[in-house]
$ cat structure-v7.csv   # CSV, C-alpha atoms
chain,number,residue,atom,x,y,z
A,139,SER,CA,0.0,0.0,0.0
A,140,GLY,CA,3.1,2.3,0.3
A,141,ILE,CA,2.3,3.3,3.9
A,142,PRO,CA,5.4,2.9,6.1
A,143,CYS,CA,5.0,0.4,9.0
A,144,SER,CA,5.8,1.8,12.5
A,145,ARG,CA,6.7,-1.7,13.9
A,146,PRO,CA,10.4,-2.8,13.8
A,147,ARG,CA,11.2,-5.4,11.2
A,148,LEU,CA,11.9,-8.8,12.7
A,149,LEU,CA,14.8,-10.7,11.3
A,150,PRO,CA,14.3,-14.3,10.2
A,151,HIS,CA,15.1,-16.9,12.9
A,152,ARG,CA,18.0,-18.3,10.9
A,153,CYS,CA,19.7,-14.9,10.9
A,154,THR,CA,19.8,-14.4,14.7
A,155,MET,CA,23.2,-15.1,16.3
A,156,GLY,CA,23.6,-16.9,19.6
A,157,ILE,CA,26.5,-17.3,22.0
A,158,GLY,CA,28.2,-20.6,21.2
A,159,ARG,CA,30.8,-22.5,23.3
A,160,ASP,CA,31.7,-24.9,20.6
A,161,LYS,CA,35.0,-25.3,18.8
A,162,GLU,CA,33.6,-26.1,15.3
A,163,HIS,CA,34.1,-22.6,14.0
A,164,LYS,CA,37.7,-22.2,15.4
A,165,ARG,CA,40.9,-22.8,13.6
A,166,ARG,CA,43.2,-25.6,14.6
A,167,ALA,CA,46.3,-24.9,16.7
A,168,THR,CA,48.4,-25.1,13.5
A,169,GLY,CA,46.3,-22.4,11.9
A,170,GLY,CA,44.5,-24.7,9.5
A,171,LYS,CA,40.7,-24.4,8.9
A,172,ARG,CA,38.4,-26.9,10.6
A,173,ILE,CA,35.5,-28.1,8.5
A,174,ALA,CA,32.2,-28.1,10.5
A,175,ILE,CA,30.5,-31.5,10.4
A,176,ARG,CA,27.4,-30.3,12.2
A,177,LYS,CA,25.4,-27.2,12.9
A,178,LYS,CA,25.1,-25.6,16.3
A,179,ARG,CA,23.7,-27.7,19.1
A,180,LYS,CA,21.8,-26.6,22.2
A,181,TYR,CA,24.3,-28.3,24.6
A,182,ASN,CA,27.0,-25.9,23.2
A,183,MET,CA,24.8,-22.9,24.0
A,184,GLY,CA,26.1,-20.0,26.1
A,185,ARG,CA,24.3,-17.1,27.8
A,186,PRO,CA,25.1,-13.4,28.4
A,187,ALA,CA,27.0,-12.7,31.7
A,188,ALA,CA,24.8,-11.5,34.6
A,189,MET,CA,27.0,-8.5,35.4
A,190,THR,CA,25.4,-8.3,38.9
A,191,LYS,CA,25.3,-4.7,40.3
A,192,ILE,CA,24.8,-3.3,43.8
A,193,GLY,CA,21.2,-2.4,44.5
A,194,GLU,CA,17.8,-3.7,45.7
A,195,LYS,CA,17.6,-7.5,45.3
A,196,ARG,CA,16.5,-8.7,41.9
A,197,VAL,CA,17.0,-12.3,40.9
A,198,HIS,CA,15.8,-14.1,37.8
A,199,ALA,CA,15.3,-17.9,37.6
A,200,VAL,CA,16.8,-19.4,34.4
A,201,ARG,CA,15.6,-22.8,33.2
A,202,CYS,CA,18.6,-24.9,32.2
A,203,ARG,CA,19.4,-28.3,30.6
A,204,GLY,CA,17.7,-31.1,32.5
A,205,GLY,CA,15.0,-28.8,34.0
A,206,ASN,CA,17.6,-27.4,36.5
A,207,LEU,CA,17.4,-23.8,37.6
A,208,LYS,CA,20.1,-21.2,37.8
A,209,TYR,CA,19.5,-18.0,39.8
A,210,ARG,CA,20.7,-15.0,37.9
A,211,ALA,CA,21.2,-12.1,40.3
A,212,MET,CA,20.7,-8.8,38.5
A,213,ARG,CA,21.2,-6.7,41.7
A,214,LEU,CA,22.1,-7.6,45.2
A,215,ASP,CA,22.8,-5.4,48.3
A,216,THR,CA,23.3,-7.9,51.2
A,217,GLY,CA,25.1,-11.2,51.8
A,218,ASN,CA,26.5,-13.6,54.4
A,219,PHE,CA,30.2,-13.0,55.2
A,220,SER,CA,32.2,-15.1,57.6
A,221,TRP,CA,34.8,-13.9,60.1
A,222,GLY,CA,37.2,-16.9,59.9
A,223,SER,CA,39.4,-16.3,63.0
A,224,GLU,CA,36.3,-15.7,65.2
A,225,VAL,CA,34.2,-18.5,63.5
A,226,SER,CA,31.3,-16.1,63.2
A,227,THR,CA,29.0,-15.3,60.2
A,228,SER,CA,26.7,-12.4,59.8
A,229,ARG,CA,24.4,-10.9,57.2
A,230,THR,CA,25.5,-7.4,56.2
A,231,ARG,CA,25.3,-4.8,53.5
A,232,VAL,CA,27.5,-4.6,50.5
A,233,LEU,CA,28.8,-1.0,50.1
A,234,ASP,CA,31.3,-0.9,47.3
A,235,VAL,CA,33.6,-2.8,44.9
A,236,VAL,CA,37.2,-1.7,45.3
A,237,TYR,CA,39.4,-4.3,43.6
A,238,ASN,CA,39.3,-7.0,41.0
A,239,ALA,CA,42.5,-8.8,39.9
A,240,SER,CA,41.0,-9.8,36.5
A,241,ASN,CA,39.5,-6.5,35.2
A,242,ASN,CA,39.5,-2.9,36.4
A,243,GLU,CA,36.3,-2.3,34.3
A,244,LEU,CA,34.5,-4.5,36.8
A,245,VAL,CA,35.6,-2.1,39.6
A,246,ARG,CA,34.5,1.0,37.7
A,247,THR,CA,31.1,-0.5,37.0
A,248,LYS,CA,30.8,-2.0,40.5
A,249,THR,CA,30.1,-5.5,39.3
A,250,LEU,CA,29.8,-8.3,41.8
A,251,VAL,CA,31.7,-11.4,40.7
A,252,LYS,CA,33.5,-14.3,42.4
A,253,GLY,CA,36.9,-13.2,43.7
A,254,ALA,CA,36.1,-9.5,43.8
A,255,ILE,CA,37.3,-7.5,46.8
A,256,ILE,CA,34.5,-5.4,48.3
A,257,LEU,CA,33.6,-3.2,51.2
A,258,ILE,CA,31.0,-4.4,53.7
A,259,ASP,CA,29.3,-2.8,56.7
A,260,ALA,CA,31.2,-3.6,59.9
A,261,SER,CA,28.2,-2.9,62.3
A,262,PRO,CA,26.9,-6.6,62.7
A,263,TYR,CA,30.5,-7.9,63.5
A,264,LYS,CA,31.1,-5.0,65.9
A,265,THR,CA,27.9,-5.8,67.8
A,266,TRP,CA,28.7,-9.5,67.9
A,267,TYR,CA,32.2,-8.9,69.2
A,268,GLN,CA,30.9,-6.6,72.0
A,269,ASN,CA,28.3,-9.2,73.1
A,270,HIS,CA,30.7,-12.1,72.9
A,271,TYR,CA,33.8,-10.6,74.6
A,272,GLY,CA,32.3,-7.6,76.4
A,273,VAL,CA,34.8,-5.4,74.7
A,274,GLU,CA,34.0,-2.4,72.4
A,275,ILE,CA,36.2,-2.4,69.3
A,276,GLY,CA,36.8,0.2,66.6
A,277,LYS,CA,37.0,3.2,69.0
A,278,LYS,CA,38.4,6.3,67.4
A,279,LYS,CA,41.5,7.7,69.1
A,280,ASN,CA,40.0,11.1,70.2
A,281,ALA,CA,36.7,9.5,71.4
A,282,LYS,CA,35.9,9.8,75.1
A,283,ALA,CA,35.7,6.6,77.0
A,284,SER,CA,32.1,5.6,77.7
A,285,LYS,CA,31.0,4.6,81.2
A,286,GLU,CA,30.5,0.9,81.7
A,287,THR,CA,26.8,1.0,82.6
A,288,ASP,CA,26.2,-2.6,81.6
A,289,GLU,CA,28.6,-4.1,84.1
A,290,ALA,CA,26.1,-3.7,87.0
A,291,LYS,CA,23.3,-5.4,85.0
A,292,LYS,CA,25.4,-8.6,84.2
A,293,SER,CA,25.4,-11.6,86.5
A,294,HIS,CA,28.6,-13.0,88.1
A,295,HIS,CA,28.3,-16.1,85.8
A,296,VAL,CA,28.2,-13.9,82.6
A,297,LEU,CA,31.1,-11.8,83.9
A,298,ARG,CA,33.2,-14.9,84.6
A,299,LYS,CA,32.4,-16.2,81.1
A,300,LEU,CA,33.5,-12.9,79.5
A,301,LYS,CA,36.7,-12.9,81.5
A,302,ASN,CA,37.6,-16.4,80.3
A,303,ARG,CA,36.9,-15.4,76.7
A,304,GLN,CA,39.0,-12.3,77.0
A,305,ALA,CA,42.0,-14.3,78.2
A,306,THR,CA,42.6,-15.8,74.7
A,307,ARG,CA,41.3,-12.8,72.8
A,308,THR,CA,43.4,-11.3,70.0
A,309,LEU,CA,42.5,-8.7,67.4
A,310,ASP,CA,44.6,-7.7,64.4
A,311,GLN,CA,45.4,-3.9,64.5
A,312,ARG,CA,44.6,-3.7,60.8
A,313,LEU,CA,41.1,-5.0,61.5
A,314,ASP,CA,40.6,-2.7,64.5
A,315,ASP,CA,41.5,0.3,62.2
A,316,GLN,CA,38.8,-0.9,59.7
A,317,PHE,CA,36.2,-1.2,62.5
A,318,ALA,CA,36.9,2.4,63.5
A,319,GLY,CA,36.0,3.4,59.9
A,320,GLY,CA,32.9,1.2,59.9
A,321,ARG,CA,33.8,-0.7,56.8
A,322,LEU,CA,35.6,-4.1,56.3
A,323,LEU,CA,37.4,-5.5,53.2
A,324,ALA,CA,35.9,-8.8,52.1
A,325,CYS,CA,36.2,-11.3,49.3
A,326,ILE,CA,33.3,-12.8,47.4
A,327,THR,CA,33.4,-16.6,47.2
A,328,SER,CA,29.9,-17.3,45.8
A,329,ARG,CA,28.9,-16.9,42.1
A,330,PRO,CA,26.1,-14.2,42.0
A,331,GLY,CA,25.2,-15.0,38.4
A,332,GLN,CA,24.7,-18.7,39.1
A,333,THR,CA,23.4,-18.9,42.7
A,334,GLY,CA,21.7,-15.6,43.1
A,335,ARG,CA,23.7,-14.9,46.3
A,336,VAL,CA,26.7,-12.8,47.3
A,337,ASP,CA,28.6,-14.5,50.1
A,338,GLY,CA,32.2,-14.5,51.2
A,339,TYR,CA,34.7,-13.9,54.0
A,340,ILE,CA,36.4,-11.0,55.7
A,341,LEU,CA,40.0,-10.4,54.8
A,342,GLU,CA,42.6,-11.0,57.6
A,343,GLY,CA,46.3,-11.4,58.1
A,344,LYS,CA,48.7,-11.6,55.2
A,345,GLU,CA,45.8,-11.5,52.7
A,346,LEU,CA,44.4,-8.3,54.1
A,347,GLU,CA,47.9,-6.7,54.1
A,348,PHE,CA,48.4,-7.7,50.5
A,349,TYR,CA,45.1,-6.1,49.3
A,350,GLN,CA,45.6,-3.0,51.3
A,351,LYS,CA,49.0,-2.5,49.6
A,352,GLN,CA,47.4,-3.1,46.2
A,353,LEU,CA,44.8,-0.4,47.0
A,354,GLN,CA,47.4,2.0,48.2
A,355,HIS,CA,49.4,1.4,45.0
A,356,LYS,CA,46.3,2.0,42.9
A,357,LYS,CA,45.6,5.3,44.7
A,358,LYS,CA,49.2,6.6,44.1
A,359,LYS,CA,48.8,5.9,40.3
A,360,HIS,CA,45.8,8.2,40.2

$ encode --input "structure-v7.csv" --output "structure tokens"
Amino acid sequence: SGIPCSRPRLLPHRCTMGIGRDKEHKRRATGGKRIAIRKKRKYNMGRPAAMTKIGEKRVHAVRCRGGNLKYRAMRLDTGNFSWGSEVSTSRTRVLDVVYNASNNELVRTKTLVKGAIILIDASPYKTWYQNHYGVEIGKKKNAKASKETDEAKKSHHVLRKLKNRQATRTLDQRLDDQFAGGRLLACITSRPGQTGRVDGYILEGKELEFYQKQLQHKKKKH
């Protein structure tokens, strides 16, 4: 009729390109061409990366081969992080992505992936430590010492228990400095794009020292 159509033109199904994980289209190690003996198969199919960002929780269920489900996290803002030396795990907020050994672009875009170094909220761990040992940590140097008002309320049994725990208590100075700032460095060990969760552990000891040096080196560059 000659009237232009407002709808976008759909390409034929055979023209659409998918993500393939096959080797049929690749050259040999010697550089020679490989002749494809079959077309693409569904078992060689790939999918776009989740590129999980920090934000209000949004997880999509993806139906996979065999009827199994993967949970593709689009956005996440909380996760379970363990404090290894204290054998304590708490759910806390994810605040920022600060380092990624594989790609600086993932730091710039604040993408949550396995192995990324992130900043988490220290409040849950600070509260747990105070309840477990009866000691307040992360005090700022100029802050005035607060009066121990809770001492009178605690029973002799509880005070004895706290005293025994304090006998073997040790806290790394680097961790204490982080508690004063209210943020802790942690490493992600889960796969947000596969499990729909962001879990990990708090950095301590030599590992913490290494990543703090890396971050200082990165700051000097800029």

$ atom_distance --input "structure-v7.csv" --atom1 "CA of Leu322 (chain A)" --atom2 "CA of Ala254 (chain A)"
13.6 Å

$ residues_around --input "structure-v7.csv" --residues "region 159-174 of chain A" --least-positions-apart "3" --cutoff "7 Å" --atoms "all atoms listed in the file" --output "PyMOL selection string"
chain A and resi 182-184

$ closest_residue --input "structure-v7.csv" --among "A:Leu346, A:Arg203, A:Val273, A:Ala324" --to "Ala305 (chain A)" --atoms "all atoms listed in the file"
A:Val273

$ closest_residue --input "structure-v7.csv" --among "A:Thr247, A:Gln311, A:Thr333, A:Ser220" --to "Ile192 (chain A)" --atoms "all atoms listed in the file"
A:Thr247

$ closest_residue --input "structure-v7.csv" --among "A:Arg210, A:Arg307, A:Asn241, A:Arg246" --to "Tyr271 (chain A)" --atoms "only C-alpha atoms"
A:Arg307

$ atom_distance --input "structure-v7.csv" --atom1 "CA of Gly253 (chain A)" --atom2 "CA of Ser328 (chain A)"
8.4 Å

$ atom_distance --input "structure-v7.csv" --atom1 "CA of Ala188 (chain A)" --atom2 "CA of Val200 (chain A)"
11.2 Å

$ residues_around --input "structure-v7.csv" --residues "Leu207 (chain A)" --least-positions-apart "4" --cutoff "12 Å" --atoms "all atoms listed in the file" --output "PyMOL selection string"
chain A and resi 197-203+331-334

$ closest_residue --input "structure-v7.csv" --among "A:Glu345, A:Asp259, A:Glu243, A:Asp234" --to "Phe317 (chain A)" --atoms "only C-alpha atoms"
A:Asp259

$ decode --input "structure-v7.csv" --residues "region 259-274 of chain A" --atoms "N, CA, C and O atoms" --output "PDB file, in the first residue's frame"
ATOM      1  N   ASP A 259      29.592  -3.491  55.436  1.00  0.00           N
ATOM      2  CA  ASP A 259      29.288  -2.774  56.679  1.00  0.00           C
ATOM      3  C   ASP A 259      29.808  -3.571  57.878  1.00  0.00           C
ATOM      4  O   ASP A 259      29.551  -4.773  57.997  1.00  0.00           O
ATOM      5  N   ALA A 260      30.520  -2.889  58.785  1.00  0.00           N
ATOM      6  CA  ALA A 260      31.153  -3.569  59.930  1.00  0.00           C
ATOM      7  C   ALA A 260      30.234  -3.690  61.145  1.00  0.00           C
ATOM      8  O   ALA A 260      30.575  -4.400  62.102  1.00  0.00           O
ATOM      9  N   SER A 261      29.083  -3.016  61.139  1.00  0.00           N
ATOM     10  CA  SER A 261      28.224  -2.936  62.337  1.00  0.00           C
ATOM     11  C   SER A 261      27.829  -4.283  62.943  1.00  0.00           C
ATOM     12  O   SER A 261      27.959  -4.476  64.158  1.00  0.00           O
ATOM     13  N   PRO A 262      27.351  -5.281  62.131  1.00  0.00           N
ATOM     14  CA  PRO A 262      26.943  -6.565  62.730  1.00  0.00           C
ATOM     15  C   PRO A 262      28.078  -7.274  63.467  1.00  0.00           C
ATOM     16  O   PRO A 262      27.864  -7.887  64.514  1.00  0.00           O
ATOM     17  N   TYR A 263      29.295  -7.191  62.933  1.00  0.00           N
ATOM     18  CA  TYR A 263      30.456  -7.862  63.542  1.00  0.00           C
ATOM     19  C   TYR A 263      30.908  -7.134  64.803  1.00  0.00           C
ATOM     20  O   TYR A 263      31.334  -7.761  65.772  1.00  0.00           O
ATOM     21  N   LYS A 264      30.786  -5.814  64.776  1.00  0.00           N
ATOM     22  CA  LYS A 264      31.148  -4.997  65.936  1.00  0.00           C
ATOM     23  C   LYS A 264      30.218  -5.320  67.116  1.00  0.00           C
ATOM     24  O   LYS A 264      30.658  -5.494  68.255  1.00  0.00           O
ATOM     25  N   THR A 265      28.913  -5.428  66.813  1.00  0.00           N
ATOM     26  CA  THR A 265      27.913  -5.754  67.840  1.00  0.00           C
ATOM     27  C   THR A 265      28.154  -7.152  68.391  1.00  0.00           C
ATOM     28  O   THR A 265      28.102  -7.368  69.608  1.00  0.00           O
ATOM     29  N   TRP A 266      28.419  -8.128  67.485  1.00  0.00           N
ATOM     30  CA  TRP A 266      28.673  -9.512  67.921  1.00  0.00           C
ATOM     31  C   TRP A 266      29.885  -9.569  68.828  1.00  0.00           C
ATOM     32  O   TRP A 266      29.863 -10.240  69.865  1.00  0.00           O
ATOM     33  N   TYR A 267      30.952  -8.863  68.471  1.00  0.00           N
ATOM     34  CA  TYR A 267      32.199  -8.889  69.242  1.00  0.00           C
ATOM     35  C   TYR A 267      31.972  -8.333  70.648  1.00  0.00           C
ATOM     36  O   TYR A 267      32.473  -8.876  71.641  1.00  0.00           O
ATOM     37  N   GLN A 268      31.191  -7.260  70.723  1.00  0.00           N
ATOM     38  CA  GLN A 268      30.906  -6.636  72.024  1.00  0.00           C
ATOM     39  C   GLN A 268      30.087  -7.567  72.906  1.00  0.00           C
ATOM     40  O   GLN A 268      30.327  -7.676  74.117  1.00  0.00           O
ATOM     41  N   ASN A 269      29.128  -8.272  72.301  1.00  0.00           N
ATOM     42  CA  ASN A 269      28.292  -9.217  73.062  1.00  0.00           C
ATOM     43  C   ASN A 269      29.084 -10.458  73.486  1.00  0.00           C
ATOM     44  O   ASN A 269      28.876 -10.998  74.564  1.00  0.00           O
ATOM     45  N   HIS A 270      30.002 -10.904  72.621  1.00  0.00           N
ATOM     46  CA  HIS A 270      30.743 -12.140  72.871  1.00  0.00           C
ATOM     47  C   HIS A 270      31.885 -11.956  73.875  1.00  0.00           C
ATOM     48  O   HIS A 270      32.114 -12.811  74.733  1.00  0.00           O
ATOM     49  N   TYR A 271      32.585 -10.829  73.752  1.00  0.00           N
ATOM     50  CA  TYR A 271      33.754 -10.592  74.611  1.00  0.00           C
ATOM     51  C   TYR A 271      33.534  -9.503  75.661  1.00  0.00           C
ATOM     52  O   TYR A 271      34.351  -9.356  76.574  1.00  0.00           O
ATOM     53  N   GLY A 272      32.478  -8.725  75.501  1.00  0.00           N
ATOM     54  CA  GLY A 272      32.252  -7.609  76.427  1.00  0.00           C
ATOM     55  C   GLY A 272      33.250  -6.485  76.221  1.00  0.00           C
ATOM     56  O   GLY A 272      33.531  -5.710  77.142  1.00  0.00           O
ATOM     57  N   VAL A 273      33.792  -6.386  75.009  1.00  0.00           N
ATOM     58  CA  VAL A 273      34.800  -5.361  74.694  1.00  0.00           C
ATOM     59  C   VAL A 273      34.329  -4.579  73.469  1.00  0.00           C
ATOM     60  O   VAL A 273      33.922  -5.169  72.465  1.00  0.00           O
ATOM     61  N   GLU A 274      34.395  -3.262  73.559  1.00  0.00           N
ATOM     62  CA  GLU A 274      34.020  -2.415  72.425  1.00  0.00           C
ATOM     63  C   GLU A 274      35.247  -2.206  71.538  1.00  0.00           C
ATOM     64  O   GLU A 274      36.308  -1.800  72.022  1.00  0.00           O
TER      65      GLU A 274
END
